[in-house]
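First the structure, in the form of structure tokens, and then the observations on it.
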Amino acid sequence: MPAAAPLYPPPPYEFRGARQTWVVFEADPTRIAPLLPAGVRIDGTPAVCAAWACHYPASSFGPYLEAYVVVRVEVAGQRFWYQPVIVTDAEAPMAAGREVWGYGKKLAHLTWSGTDAGGPGTEQLVMTVERPAGVRLMTLSMLPERLVDGAELTGLPAAEPLPTLSHRVLPGLVDELVAVDVRPRSYRGADGRPDLWRGRGHVELGGSAADPWHAFRPTRVLDAFTARTDFVLPVGRTVPWPPTEE
């Protein structure tokens, strides 16, 4: 980051009223494995993945949209959600993501239906991702059907409190894995219940030579959720890298 002209402030990195929608699905691990760093192994067969659509109306980086795909992995006996692909529509979070955490963020064209004031299809939350415009990487839709609580989520792949893992690389200088533990605080209604909805979800993943999102194409959808939260994004911690051979 240019010290004299920073794109983003120092920590803490705050998010308010974040709307995060995710669809959990199974995928072919043989298509995903080539996209992982050495020593990062897919946890289980088939691979368990999740596609995320995020609307951040207020944050330390300003308002922006973001989308990414994670896959459940294992590194030296620890389990994580590894994030191979991620895009945003704003410069500040793109730069911060790459510089602070090593997220492989790119700029893309994203649309989000969750803030529409009317029109057809408003019963759904829908995000589309194109890079460049006209080349579709993802279409995610989710139909919120009912509120849920923490007890209902016990044992579900979507609810595993695993850290997110990224691979930060500066050629010849840095080659490390960075783990981030986020503890969101859910908005609650007048009855005290969290703003966490469960429903039906659908994901279509395309791609290109530059953006191989198609490697994660779902073979079976497992679950879908949407939540509204506040959270602080910590700077993360390094994971031993490369893994120690026994």
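Just so we're on the same page: first chain in the structure tokens is A, next is B, and so on; residues restart at 1 for each chain, and ligands are numbered from 1 in the order they show up.
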
Item checked: For Arg136 (chain A): contacts at 8 Å, only C-alpha atoms, fewer than 5 positions along chain excluded, given as a PyMOL selection string -> chain A and resi 128-131+205-207

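Going from CA of Gly102 (chain A) to CA of Thr229 (chain A) covers 23.6 Å.
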
Residues of region 101-187 of chain A at most 8 Å from region 75-86 of chain A: nearest atom pair and distance in Å, only C-alpha atoms, as a tab-separated table:
```
residue	atom	partner	partner_atom	distance
A:Tyr103	CA	A:Ile86	CA	7.3
A:Gly104	CA	A:Ile86	CA	6.1
A:Lys105	CA	A:Ile86	CA	5.0
A:Lys106	CA	A:Ile86	CA	6.7
A:Leu162	CA	A:Phe80	CA	5.2
A:Pro163	CA	A:Phe80	CA	5.3
A:Thr164	CA	A:Trp81	CA	4.7
A:Leu165	CA	A:Tyr82	CA	4.6
A:Ser166	CA	A:Gln83	CA	5.7
```

Once you have the residues from the selection above, write them out as a compact mmCIF listing (two decimals), in the first residue's frame, restricted to all heavy atoms.
```txt
# COMPACT_ATOMS: atom_id res chain seq x y z
N TYR A 103 -5.84 -12.63 -0.33
CA TYR A 103 -6.99 -13.09 -1.13
C TYR A 103 -6.70 -12.82 -2.60
O TYR A 103 -6.22 -11.75 -2.97
CB TYR A 103 -8.26 -12.35 -0.74
CG TYR A 103 -8.72 -12.58 0.69
CD1 TYR A 103 -9.29 -11.55 1.42
CD2 TYR A 103 -8.58 -13.81 1.30
CE1 TYR A 103 -9.72 -11.74 2.73
CE2 TYR A 103 -9.00 -14.03 2.60
CZ TYR A 103 -9.57 -12.99 3.31
OH TYR A 103 -9.98 -13.19 4.60
N GLY A 104 -7.05 -13.78 -3.44
CA GLY A 104 -6.80 -13.62 -4.88
C GLY A 104 -7.88 -12.78 -5.54
O GLY A 104 -8.47 -13.19 -6.55
N LYS A 105 -8.14 -11.59 -5.02
CA LYS A 105 -9.25 -10.77 -5.50
C LYS A 105 -8.95 -10.16 -6.86
O LYS A 105 -7.84 -9.73 -7.13
CB LYS A 105 -9.55 -9.64 -4.51
CG LYS A 105 -10.26 -10.09 -3.25
CD LYS A 105 -10.81 -8.89 -2.50
CE LYS A 105 -11.54 -9.33 -1.24
NZ LYS A 105 -12.17 -8.20 -0.54
N LYS A 106 -10.02 -10.09 -7.66
CA LYS A 106 -9.99 -9.40 -8.94
C LYS A 106 -11.23 -8.52 -9.03
O LYS A 106 -12.24 -8.76 -8.36
CB LYS A 106 -9.98 -10.40 -10.10
CG LYS A 106 -8.76 -11.31 -10.15
CD LYS A 106 -8.85 -12.27 -11.33
CE LYS A 106 -7.65 -13.18 -11.42
NZ LYS A 106 -7.75 -14.11 -12.58
N LEU A 162 -15.26 -22.98 10.74
CA LEU A 162 -13.87 -23.17 10.32
C LEU A 162 -13.28 -21.84 9.86
O LEU A 162 -13.97 -21.01 9.27
CB LEU A 162 -13.80 -24.17 9.16
CG LEU A 162 -14.31 -25.58 9.43
CD1 LEU A 162 -14.22 -26.42 8.16
CD2 LEU A 162 -13.55 -26.24 10.57
N PRO A 163 -11.99 -21.62 10.11
CA PRO A 163 -11.34 -20.41 9.59
C PRO A 163 -11.30 -20.44 8.06
O PRO A 163 -11.30 -21.51 7.44
CB PRO A 163 -9.92 -20.48 10.17
CG PRO A 163 -9.98 -21.49 11.27
CD PRO A 163 -11.07 -22.45 10.90
N THR A 164 -11.25 -19.26 7.47
CA THR A 164 -11.04 -19.13 6.03
C THR A 164 -9.54 -19.06 5.75
O THR A 164 -8.81 -18.37 6.46
CB THR A 164 -11.73 -17.87 5.49
OG1 THR A 164 -13.13 -17.96 5.75
CG2 THR A 164 -11.52 -17.74 3.99
N LEU A 165 -9.10 -19.77 4.72
CA LEU A 165 -7.68 -19.87 4.40
C LEU A 165 -7.41 -19.27 3.03
O LEU A 165 -8.17 -19.48 2.08
CB LEU A 165 -7.25 -21.33 4.40
CG LEU A 165 -5.75 -21.64 4.32
CD1 LEU A 165 -5.04 -21.21 5.60
CD2 LEU A 165 -5.53 -23.13 4.08
N SER A 166 -6.32 -18.50 2.93
CA SER A 166 -5.91 -17.93 1.66
C SER A 166 -4.41 -18.13 1.49
O SER A 166 -3.69 -18.45 2.45
CB SER A 166 -6.26 -16.44 1.57
OG SER A 166 -5.69 -15.73 2.66
```

Margin query: Taking only C-alpha atoms into account, name the residue in A:Gln20, A:Thr226, A:Ser141, A:Thr45 that is nearest to Arg72 (chain A).
Written below: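 Of A:Gln20, A:Thr226, A:Ser141, A:Thr45, the one nearest Arg72 (chain A) is A:Thr45, counting only C-alpha atoms.
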
Check: Suppose you want the space between CA of Ala4 (chain A) and CA of Arg98 (chain A); what is it in Å?
Finding: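 We find that CA of Ala4 (chain A) and CA of Arg98 (chain A) lie 18.8 Å from each other.
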
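Counting from CA of Ser113 (chain A), the distance to CA of Val182 (chain A) is 25.5 Å.
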
Next item on the list: Rank A:Glu66, A:Asp230, A:Glu152, A:Glu204 by their smallest atom-to-atom distance to Arg188 (chain A), using only C-alpha atoms, and report the top residue only.
Entry: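 The closest residue to Arg188 (chain A) is A:Asp230.
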
Notebook entry, point to check: Which residue gives the smallest distance to Arg168 (chain A) among A:Val239, A:Met1, A:Cys49, A:Val70, with only C-alpha atoms counted?
Noted result: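 Checking each candidate against Arg168 (chain A), we get A:Val239 as the closest.
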
Any idea what's packed within 12 Å of Val71 (chain A), counting only C-alpha atoms, ignoring anything in its chain fewer than 2 positions away? Could you give it as a CSV table (one decimal) with all heavy atoms, in the first residue's frame?
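The resulting file, selection.csv, is reproduced below:
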```
chain,number,residue,atom,x,y,z
A,23,VAL,N,-24.6,-20.7,-0.7
A,23,VAL,CA,-25.2,-22.0,-1.1
A,23,VAL,C,-24.1,-23.0,-1.0
A,23,VAL,O,-23.0,-22.9,-1.5
A,23,VAL,CB,-25.7,-21.9,-2.6
A,23,VAL,CG1,-26.3,-23.3,-3.0
A,23,VAL,CG2,-26.8,-20.9,-2.7
A,24,VAL,N,-24.4,-24.1,-0.2
A,24,VAL,CA,-23.4,-25.2,0.0
A,24,VAL,C,-23.7,-26.3,-0.9
A,24,VAL,O,-24.9,-26.7,-1.1
A,24,VAL,CB,-23.5,-25.6,1.5
A,24,VAL,CG1,-22.4,-26.7,1.8
A,24,VAL,CG2,-23.4,-24.5,2.5
A,25,PHE,N,-22.7,-26.9,-1.5
A,25,PHE,CA,-22.9,-27.9,-2.5
A,25,PHE,C,-21.7,-28.9,-2.5
A,25,PHE,O,-20.6,-28.6,-2.0
A,25,PHE,CB,-23.1,-27.3,-3.9
A,25,PHE,CG,-21.9,-26.4,-4.3
A,25,PHE,CD1,-20.9,-26.9,-5.1
A,25,PHE,CD2,-21.9,-25.0,-4.1
A,25,PHE,CE1,-19.9,-26.1,-5.5
A,25,PHE,CE2,-20.9,-24.2,-4.5
A,25,PHE,CZ,-19.8,-24.8,-5.2
A,26,GLU,N,-21.9,-30.0,-3.2
A,26,GLU,CA,-20.9,-30.9,-3.5
A,26,GLU,C,-20.3,-30.7,-4.9
A,26,GLU,O,-21.1,-30.3,-5.8
A,26,GLU,CB,-21.4,-32.3,-3.3
A,26,GLU,CG,-21.8,-32.7,-1.9
A,26,GLU,CD,-22.4,-34.1,-1.7
A,26,GLU,OE1,-22.8,-34.6,-2.8
A,26,GLU,OE2,-22.4,-34.6,-0.6
A,27,ALA,N,-19.0,-31.1,-5.1
A,27,ALA,CA,-18.4,-30.9,-6.4
A,27,ALA,C,-17.3,-32.0,-6.6
A,27,ALA,O,-17.0,-32.7,-5.6
A,27,ALA,CB,-17.8,-29.5,-6.5
A,28,ASP,N,-16.9,-32.1,-7.8
A,28,ASP,CA,-15.9,-33.1,-8.2
A,28,ASP,C,-14.5,-32.7,-7.7
A,28,ASP,O,-13.9,-31.7,-8.1
A,28,ASP,CB,-15.9,-33.3,-9.7
A,28,ASP,CG,-14.9,-34.4,-10.1
A,28,ASP,OD1,-14.1,-34.9,-9.3
A,28,ASP,OD2,-14.9,-34.7,-11.4
A,29,PRO,N,-13.9,-33.4,-6.7
A,29,PRO,CA,-12.6,-33.0,-6.2
A,29,PRO,C,-11.5,-33.1,-7.2
A,29,PRO,O,-10.5,-32.3,-7.1
A,29,PRO,CB,-12.4,-34.0,-5.0
A,29,PRO,CG,-13.2,-35.2,-5.3
A,29,PRO,CD,-14.4,-34.7,-6.1
A,31,ARG,N,-11.5,-32.0,-10.2
A,31,ARG,CA,-11.4,-30.7,-10.9
A,31,ARG,C,-10.9,-29.6,-10.1
A,31,ARG,O,-10.3,-28.6,-10.6
A,31,ARG,CB,-12.8,-30.4,-11.4
A,31,ARG,CG,-13.4,-31.4,-12.4
A,31,ARG,CD,-14.9,-31.1,-12.7
A,31,ARG,NE,-15.1,-29.8,-13.3
A,31,ARG,CZ,-15.1,-29.5,-14.6
A,31,ARG,NH1,-14.9,-30.5,-15.5
A,31,ARG,NH2,-15.3,-28.3,-15.0
A,32,ILE,N,-11.0,-29.7,-8.8
A,32,ILE,CA,-10.6,-28.6,-7.9
A,32,ILE,C,-9.2,-28.7,-7.4
A,32,ILE,O,-8.5,-27.7,-7.3
A,32,ILE,CB,-11.6,-28.6,-6.6
A,32,ILE,CG1,-13.0,-28.3,-7.1
A,32,ILE,CG2,-11.1,-27.5,-5.7
A,32,ILE,CD1,-14.0,-28.5,-6.0
A,33,ALA,N,-8.7,-29.9,-7.3
A,33,ALA,CA,-7.4,-30.2,-6.7
A,33,ALA,C,-6.3,-29.4,-7.4
A,33,ALA,O,-5.4,-28.9,-6.7
A,33,ALA,CB,-7.1,-31.7,-6.7
A,35,LEU,N,-6.2,-26.5,-8.4
A,35,LEU,CA,-6.2,-25.1,-8.1
A,35,LEU,C,-5.7,-24.9,-6.6
A,35,LEU,O,-5.7,-23.7,-6.2
A,35,LEU,CB,-7.6,-24.6,-8.2
A,35,LEU,CG,-8.3,-24.7,-9.6
A,35,LEU,CD1,-9.7,-24.2,-9.5
A,35,LEU,CD2,-7.5,-24.1,-10.7
A,36,LEU,N,-5.3,-25.9,-5.9
A,36,LEU,CA,-4.9,-25.8,-4.5
A,36,LEU,C,-3.4,-25.8,-4.4
A,36,LEU,O,-2.7,-26.4,-5.2
A,36,LEU,CB,-5.5,-26.9,-3.7
A,36,LEU,CG,-7.0,-27.1,-3.8
A,36,LEU,CD1,-7.4,-28.3,-2.8
A,36,LEU,CD2,-7.7,-25.9,-3.5
A,40,VAL,N,-2.1,-28.5,0.6
A,40,VAL,CA,-3.5,-28.2,0.9
A,40,VAL,C,-4.4,-29.3,0.2
A,40,VAL,O,-4.4,-29.4,-1.0
A,40,VAL,CB,-4.0,-26.8,0.5
A,40,VAL,CG1,-5.4,-26.6,0.7
A,40,VAL,CG2,-3.1,-25.7,1.1
A,41,ARG,N,-5.1,-30.1,1.0
A,41,ARG,CA,-5.8,-31.2,0.5
A,41,ARG,C,-7.3,-31.1,0.7
A,41,ARG,O,-7.7,-30.6,1.8
A,41,ARG,CB,-5.3,-32.5,1.1
A,41,ARG,CG,-3.8,-32.8,0.9
A,41,ARG,CD,-3.3,-34.0,1.6
A,41,ARG,NE,-1.9,-34.3,1.3
A,41,ARG,CZ,-0.9,-33.8,2.0
A,41,ARG,NH1,-1.1,-32.9,3.0
A,41,ARG,NH2,0.3,-34.1,1.7
A,42,ILE,N,-8.1,-31.5,-0.2
A,42,ILE,CA,-9.5,-31.5,-0.1
A,42,ILE,C,-10.0,-32.4,1.0
A,42,ILE,O,-9.5,-33.6,1.1
A,42,ILE,CB,-10.2,-31.8,-1.4
A,42,ILE,CG1,-9.9,-30.7,-2.5
A,42,ILE,CG2,-11.7,-32.0,-1.3
A,42,ILE,CD1,-10.3,-31.1,-3.9
A,43,ASP,N,-10.8,-32.0,1.9
A,43,ASP,CA,-11.3,-32.7,3.0
A,43,ASP,C,-12.6,-33.5,2.6
A,43,ASP,O,-13.7,-33.0,2.6
A,43,ASP,CB,-11.6,-31.8,4.2
A,43,ASP,CG,-12.1,-32.6,5.4
A,43,ASP,OD1,-11.5,-33.6,5.7
A,43,ASP,OD2,-13.1,-32.1,6.0
A,44,GLY,N,-12.4,-34.8,2.2
A,44,GLY,CA,-13.5,-35.6,1.9
A,44,GLY,C,-13.8,-35.7,0.5
A,44,GLY,O,-13.4,-34.9,-0.4
A,45,THR,N,-14.6,-36.7,0.1
A,45,THR,CA,-15.1,-37.0,-1.3
A,45,THR,C,-16.6,-37.3,-1.2
A,45,THR,O,-17.0,-38.2,-0.5
A,45,THR,CB,-14.3,-38.1,-1.9
A,45,THR,OG1,-12.9,-37.8,-1.9
A,45,THR,CG2,-14.8,-38.4,-3.3
A,46,PRO,N,-17.4,-36.6,-2.0
A,46,PRO,CA,-17.0,-35.5,-2.9
A,46,PRO,C,-16.6,-34.2,-2.1
A,46,PRO,O,-16.8,-34.2,-0.9
A,46,PRO,CB,-18.4,-35.2,-3.6
A,46,PRO,CG,-19.4,-35.7,-2.7
A,46,PRO,CD,-18.8,-36.8,-2.0
A,47,ALA,N,-16.1,-33.2,-2.8
A,47,ALA,CA,-15.6,-32.0,-2.1
A,47,ALA,C,-16.9,-31.2,-1.7
A,47,ALA,O,-17.9,-31.2,-2.4
A,47,ALA,CB,-14.8,-31.2,-3.1
A,48,VAL,N,-16.8,-30.6,-0.5
A,48,VAL,CA,-17.8,-29.8,0.0
A,48,VAL,C,-17.4,-28.3,-0.2
A,48,VAL,O,-16.3,-27.9,0.2
A,48,VAL,CB,-18.1,-30.0,1.5
A,48,VAL,CG1,-19.2,-29.0,2.0
A,48,VAL,CG2,-18.5,-31.4,1.8
A,49,CYS,N,-18.2,-27.6,-0.9
A,49,CYS,CA,-17.9,-26.2,-1.3
A,49,CYS,C,-19.1,-25.3,-0.9
A,49,CYS,O,-20.2,-25.7,-0.6
A,49,CYS,CB,-17.7,-26.1,-2.8
A,49,CYS,SG,-16.4,-27.2,-3.5
A,50,ALA,N,-18.8,-24.0,-1.0
A,50,ALA,CA,-19.9,-23.0,-0.8
A,50,ALA,C,-19.6,-21.8,-1.7
A,50,ALA,O,-18.5,-21.3,-1.8
A,50,ALA,CB,-20.0,-22.6,0.7
A,51,ALA,N,-20.7,-21.3,-2.4
A,51,ALA,CA,-20.6,-20.1,-3.1
A,51,ALA,C,-21.2,-19.0,-2.3
A,51,ALA,O,-22.3,-19.2,-1.8
A,51,ALA,CB,-21.3,-20.3,-4.5
A,52,TRP,N,-20.6,-17.9,-2.2
A,52,TRP,CA,-21.0,-16.7,-1.4
A,52,TRP,C,-21.3,-15.5,-2.3
A,52,TRP,O,-20.5,-15.2,-3.2
A,52,TRP,CB,-19.9,-16.4,-0.4
A,52,TRP,CG,-19.8,-17.4,0.7
A,52,TRP,CD1,-19.3,-18.6,0.7
A,52,TRP,CD2,-20.1,-17.2,2.1
A,52,TRP,NE1,-19.3,-19.2,1.9
A,52,TRP,CE2,-19.8,-18.4,2.8
A,52,TRP,CE3,-20.7,-16.1,2.8
A,52,TRP,CZ2,-20.1,-18.5,4.2
A,52,TRP,CZ3,-20.9,-16.2,4.2
A,52,TRP,CH2,-20.6,-17.4,4.8
A,68,TYR,N,-17.4,-15.1,-3.9
A,68,TYR,CA,-16.3,-16.1,-3.9
A,68,TYR,C,-16.8,-17.5,-3.7
A,68,TYR,O,-18.0,-17.7,-3.4
A,68,TYR,CB,-15.3,-15.7,-2.8
A,68,TYR,CG,-15.9,-15.6,-1.4
A,68,TYR,CD1,-16.0,-16.7,-0.6
A,68,TYR,CD2,-16.3,-14.3,-0.9
A,68,TYR,CE1,-16.5,-16.5,0.7
A,68,TYR,CE2,-16.8,-14.2,0.4
A,68,TYR,CZ,-16.9,-15.3,1.2
A,68,TYR,OH,-17.3,-15.2,2.5
A,69,VAL,N,-15.9,-18.4,-3.9
A,69,VAL,CA,-16.2,-19.9,-3.7
A,69,VAL,C,-15.1,-20.4,-2.7
A,69,VAL,O,-13.9,-20.1,-2.9
A,69,VAL,CB,-16.2,-20.6,-5.0
A,69,VAL,CG1,-16.4,-22.1,-4.8
A,69,VAL,CG2,-17.2,-20.1,-6.0
A,73,VAL,N,-11.0,-27.9,3.2
A,73,VAL,CA,-9.7,-28.5,3.1
A,73,VAL,C,-9.1,-28.9,4.4
A,73,VAL,O,-9.6,-28.5,5.5
A,73,VAL,CB,-8.7,-27.6,2.3
A,73,VAL,CG1,-9.3,-27.2,0.9
A,73,VAL,CG2,-8.4,-26.4,3.1
A,74,GLU,N,-8.0,-29.6,4.3
A,74,GLU,CA,-7.2,-30.0,5.5
A,74,GLU,C,-5.7,-29.7,5.2
A,74,GLU,O,-5.2,-29.9,4.1
A,74,GLU,CB,-7.3,-31.5,5.7
A,74,GLU,CG,-6.6,-32.0,7.0
A,74,GLU,CD,-5.2,-32.5,6.7
A,74,GLU,OE1,-5.0,-32.9,5.5
A,74,GLU,OE2,-4.4,-32.5,7.6
A,79,ARG,N,-8.5,-28.1,9.7
A,79,ARG,CA,-9.5,-28.0,8.7
A,79,ARG,C,-9.8,-26.5,8.5
A,79,ARG,O,-9.8,-25.7,9.4
A,79,ARG,CB,-10.8,-28.7,9.0
A,79,ARG,CG,-10.5,-30.2,9.2
A,79,ARG,CD,-11.8,-30.9,9.8
A,79,ARG,NE,-12.8,-31.1,8.8
A,79,ARG,CZ,-14.1,-31.3,9.0
A,79,ARG,NH1,-14.5,-31.2,10.2
A,79,ARG,NH2,-14.9,-31.5,8.0
A,80,PHE,N,-10.0,-26.1,7.2
A,80,PHE,CA,-10.3,-24.8,6.8
A,80,PHE,C,-11.3,-24.7,5.7
A,80,PHE,O,-11.6,-25.7,5.0
A,80,PHE,CB,-9.0,-24.1,6.4
A,80,PHE,CG,-7.9,-24.0,7.3
A,80,PHE,CD1,-6.9,-25.0,7.3
A,80,PHE,CD2,-7.8,-23.0,8.2
A,80,PHE,CE1,-5.9,-25.0,8.2
A,80,PHE,CE2,-6.7,-23.0,9.1
A,80,PHE,CZ,-5.8,-24.0,9.1
A,81,TRP,N,-11.9,-23.5,5.4
A,81,TRP,CA,-12.5,-23.2,4.2
A,81,TRP,C,-11.5,-22.5,3.3
A,81,TRP,O,-11.1,-21.3,3.6
A,81,TRP,CB,-13.7,-22.4,4.3
A,81,TRP,CG,-14.9,-23.0,5.0
A,81,TRP,CD1,-15.4,-22.8,6.2
A,81,TRP,CD2,-15.8,-24.0,4.4
A,81,TRP,NE1,-16.5,-23.6,6.5
A,81,TRP,CE2,-16.7,-24.3,5.4
A,81,TRP,CE3,-15.8,-24.7,3.2
A,81,TRP,CZ2,-17.7,-25.3,5.1
A,81,TRP,CZ3,-16.8,-25.6,2.9
A,81,TRP,CH2,-17.7,-25.9,3.9
A,82,TYR,N,-11.0,-23.1,2.3
A,82,TYR,CA,-10.0,-22.5,1.4
A,82,TYR,C,-10.7,-21.7,0.3
A,82,TYR,O,-11.6,-22.2,-0.3
A,82,TYR,CB,-9.0,-23.5,0.8
A,82,TYR,CG,-7.9,-22.9,-0.1
A,82,TYR,CD1,-6.9,-22.1,0.5
A,82,TYR,CD2,-7.9,-23.1,-1.5
A,82,TYR,CE1,-6.0,-21.5,-0.3
A,82,TYR,CE2,-7.0,-22.5,-2.3
A,82,TYR,CZ,-6.0,-21.7,-1.7
A,82,TYR,OH,-5.1,-21.1,-2.5
A,83,GLN,N,-10.1,-20.5,0.0
A,83,GLN,CA,-10.8,-19.6,-0.9
A,83,GLN,C,-9.9,-19.4,-2.2
A,83,GLN,O,-9.0,-18.6,-2.2
A,83,GLN,CB,-11.0,-18.2,-0.2
A,83,GLN,CG,-11.8,-17.2,-1.0
A,83,GLN,CD,-11.9,-16.0,-0.2
A,83,GLN,OE1,-10.9,-15.2,-0.1
A,83,GLN,NE2,-13.0,-15.7,0.4
A,84,PRO,N,-10.1,-20.2,-3.2
A,84,PRO,CA,-9.3,-20.1,-4.4
A,84,PRO,C,-9.7,-18.9,-5.3
A,84,PRO,O,-8.8,-18.4,-6.0
A,84,PRO,CB,-9.5,-21.4,-5.2
A,84,PRO,CG,-10.3,-22.3,-4.2
A,84,PRO,CD,-11.0,-21.4,-3.3
A,85,VAL,N,-11.0,-18.6,-5.4
A,85,VAL,CA,-11.4,-17.5,-6.3
A,85,VAL,C,-12.3,-16.5,-5.6
A,85,VAL,O,-13.2,-16.9,-4.8
A,85,VAL,CB,-12.1,-18.1,-7.5
A,85,VAL,CG1,-11.2,-18.9,-8.4
A,85,VAL,CG2,-13.3,-19.0,-7.1
A,157,PRO,N,-22.8,-28.9,7.2
A,157,PRO,CA,-21.6,-28.4,6.6
A,157,PRO,C,-21.5,-26.9,6.5
A,157,PRO,O,-20.5,-26.3,6.7
A,157,PRO,CB,-21.6,-29.0,5.2
A,157,PRO,CG,-22.4,-30.3,5.3
A,157,PRO,CD,-23.4,-29.9,6.3
A,158,ALA,N,-22.7,-26.3,6.3
A,158,ALA,CA,-22.7,-24.8,6.1
A,158,ALA,C,-22.4,-24.1,7.4
A,158,ALA,O,-22.1,-22.9,7.4
A,158,ALA,CB,-24.1,-24.4,5.6
A,162,LEU,N,-15.3,-23.0,10.7
A,162,LEU,CA,-13.9,-23.2,10.3
A,162,LEU,C,-13.3,-21.8,9.9
A,162,LEU,O,-14.0,-21.0,9.3
A,162,LEU,CB,-13.8,-24.2,9.2
A,162,LEU,CG,-14.3,-25.6,9.4
A,162,LEU,CD1,-14.2,-26.4,8.2
A,162,LEU,CD2,-13.6,-26.2,10.6
A,163,PRO,N,-12.0,-21.6,10.1
A,163,PRO,CA,-11.3,-20.4,9.6
A,163,PRO,C,-11.3,-20.4,8.1
A,163,PRO,O,-11.3,-21.5,7.4
A,163,PRO,CB,-9.9,-20.5,10.2
A,163,PRO,CG,-10.0,-21.5,11.3
A,163,PRO,CD,-11.1,-22.4,10.9
A,164,THR,N,-11.3,-19.3,7.5
A,164,THR,CA,-11.0,-19.1,6.0
A,164,THR,C,-9.5,-19.1,5.8
A,164,THR,O,-8.8,-18.4,6.5
A,164,THR,CB,-11.7,-17.9,5.5
A,164,THR,OG1,-13.1,-18.0,5.7
A,164,THR,CG2,-11.5,-17.7,4.0
A,165,LEU,N,-9.1,-19.8,4.7
A,165,LEU,CA,-7.7,-19.9,4.4
A,165,LEU,C,-7.4,-19.3,3.0
A,165,LEU,O,-8.2,-19.5,2.1
A,165,LEU,CB,-7.3,-21.3,4.4
A,165,LEU,CG,-5.8,-21.6,4.3
A,165,LEU,CD1,-5.0,-21.2,5.6
A,165,LEU,CD2,-5.5,-23.1,4.1
A,166,SER,N,-6.3,-18.5,2.9
A,166,SER,CA,-5.9,-17.9,1.7
A,166,SER,C,-4.4,-18.1,1.5
A,166,SER,O,-3.7,-18.4,2.4
A,166,SER,CB,-6.3,-16.4,1.6
A,166,SER,OG,-5.7,-15.7,2.7
A,215,ALA,N,-14.5,-25.0,-12.5
A,215,ALA,CA,-14.0,-26.2,-11.8
A,215,ALA,C,-14.8,-26.6,-10.6
A,215,ALA,O,-14.7,-27.7,-10.1
A,215,ALA,CB,-12.5,-26.0,-11.4
A,216,PHE,N,-15.6,-25.7,-10.1
A,216,PHE,CA,-16.4,-25.9,-8.9
A,216,PHE,C,-17.8,-26.2,-9.2
A,216,PHE,O,-18.7,-26.2,-8.3
A,216,PHE,CB,-16.3,-24.7,-8.0
A,216,PHE,CG,-14.9,-24.3,-7.5
A,216,PHE,CD1,-14.1,-23.5,-8.3
A,216,PHE,CD2,-14.3,-24.9,-6.4
A,216,PHE,CE1,-12.8,-23.2,-7.9
A,216,PHE,CE2,-13.1,-24.6,-6.0
A,216,PHE,CZ,-12.3,-23.8,-6.7
A,217,ARG,N,-18.2,-26.5,-10.4
A,217,ARG,CA,-19.6,-26.7,-10.7
A,217,ARG,C,-20.2,-27.8,-9.8
A,217,ARG,O,-19.7,-28.8,-9.6
A,217,ARG,CB,-19.7,-27.2,-12.2
A,217,ARG,CG,-19.5,-26.0,-13.2
A,217,ARG,CD,-19.6,-26.5,-14.6
A,217,ARG,NE,-19.4,-25.4,-15.5
A,217,ARG,CZ,-19.0,-25.4,-16.8
A,217,ARG,NH1,-18.7,-26.6,-17.3
A,217,ARG,NH2,-18.9,-24.4,-17.5
A,218,PRO,N,-21.4,-27.4,-9.3
A,218,PRO,CA,-22.0,-28.3,-8.3
A,218,PRO,C,-22.5,-29.6,-8.9
A,218,PRO,O,-23.0,-29.6,-10.1
A,218,PRO,CB,-23.2,-27.5,-7.8
A,218,PRO,CG,-22.9,-26.1,-8.1
A,218,PRO,CD,-22.1,-26.1,-9.4
```

Checklist line | DSSP-assigned strand (DSSP E or B) among region 92-211 of chain A, expressed as JSON, numbers by chain | finding: {"A": [105, 106, 107, 109, 110, 111, 112, 125, 126, 127, 128, 129, 130, 136, 137, 138, 139, 140, 141, 142, 143, 144, 145, 146, 147, 164, 165, 166, 167, 168, 169, 170, 174, 175, 176, 177, 178, 179, 180, 185, 186, 188, 194, 196, 197, 198, 199, 200, 201, 202, 203, 204, 205]}

Checklist line | DSSP alpha helix (DSSP H) residues within region 36-142 of chain A, listed as a VMD selection string | finding: chain A and resid 91 to 96

Please produce a file of the residues just selected, as a short mmCIF file (atom, residue, chain, number, x, y, z; two decimals), in the first residue's frame, where the atoms kept are N, CA and C atoms.
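After the write, result_29.cif holds the following:
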```
data_model
loop_
_atom_site.label_atom_id
_atom_site.label_comp_id
_atom_site.auth_asym_id
_atom_site.auth_seq_id
_atom_site.Cartn_x
_atom_site.Cartn_y
_atom_site.Cartn_z
N GLU A 91 -12.24 -0.87 -5.83
CA GLU A 91 -10.78 -0.92 -5.79
C GLU A 91 -10.21 -1.12 -4.39
N ALA A 92 -10.75 -0.41 -3.39
CA ALA A 92 -10.18 -0.49 -2.05
C ALA A 92 -10.23 -1.89 -1.45
N PRO A 93 -11.39 -2.59 -1.45
CA PRO A 93 -11.40 -3.94 -0.90
C PRO A 93 -10.59 -4.92 -1.74
N MET A 94 -10.48 -4.66 -3.04
CA MET A 94 -9.64 -5.53 -3.87
C MET A 94 -8.18 -5.42 -3.43
N ALA A 95 -7.68 -4.19 -3.27
CA ALA A 95 -6.29 -3.99 -2.88
C ALA A 95 -6.04 -4.50 -1.46
N ALA A 96 -6.93 -4.17 -0.53
CA ALA A 96 -6.76 -4.62 0.85
C ALA A 96 -6.78 -6.14 0.94
#
```

Notebook entry, point to check: So which residues touch region 53-61 of chain A within 6 Å, counting only C-alpha atoms, skipping near sequence neighbours fewer than 3 positions away, as a ChimeraX atom specification?
Noted result: /A:13-16,18-21,64-67,92-93
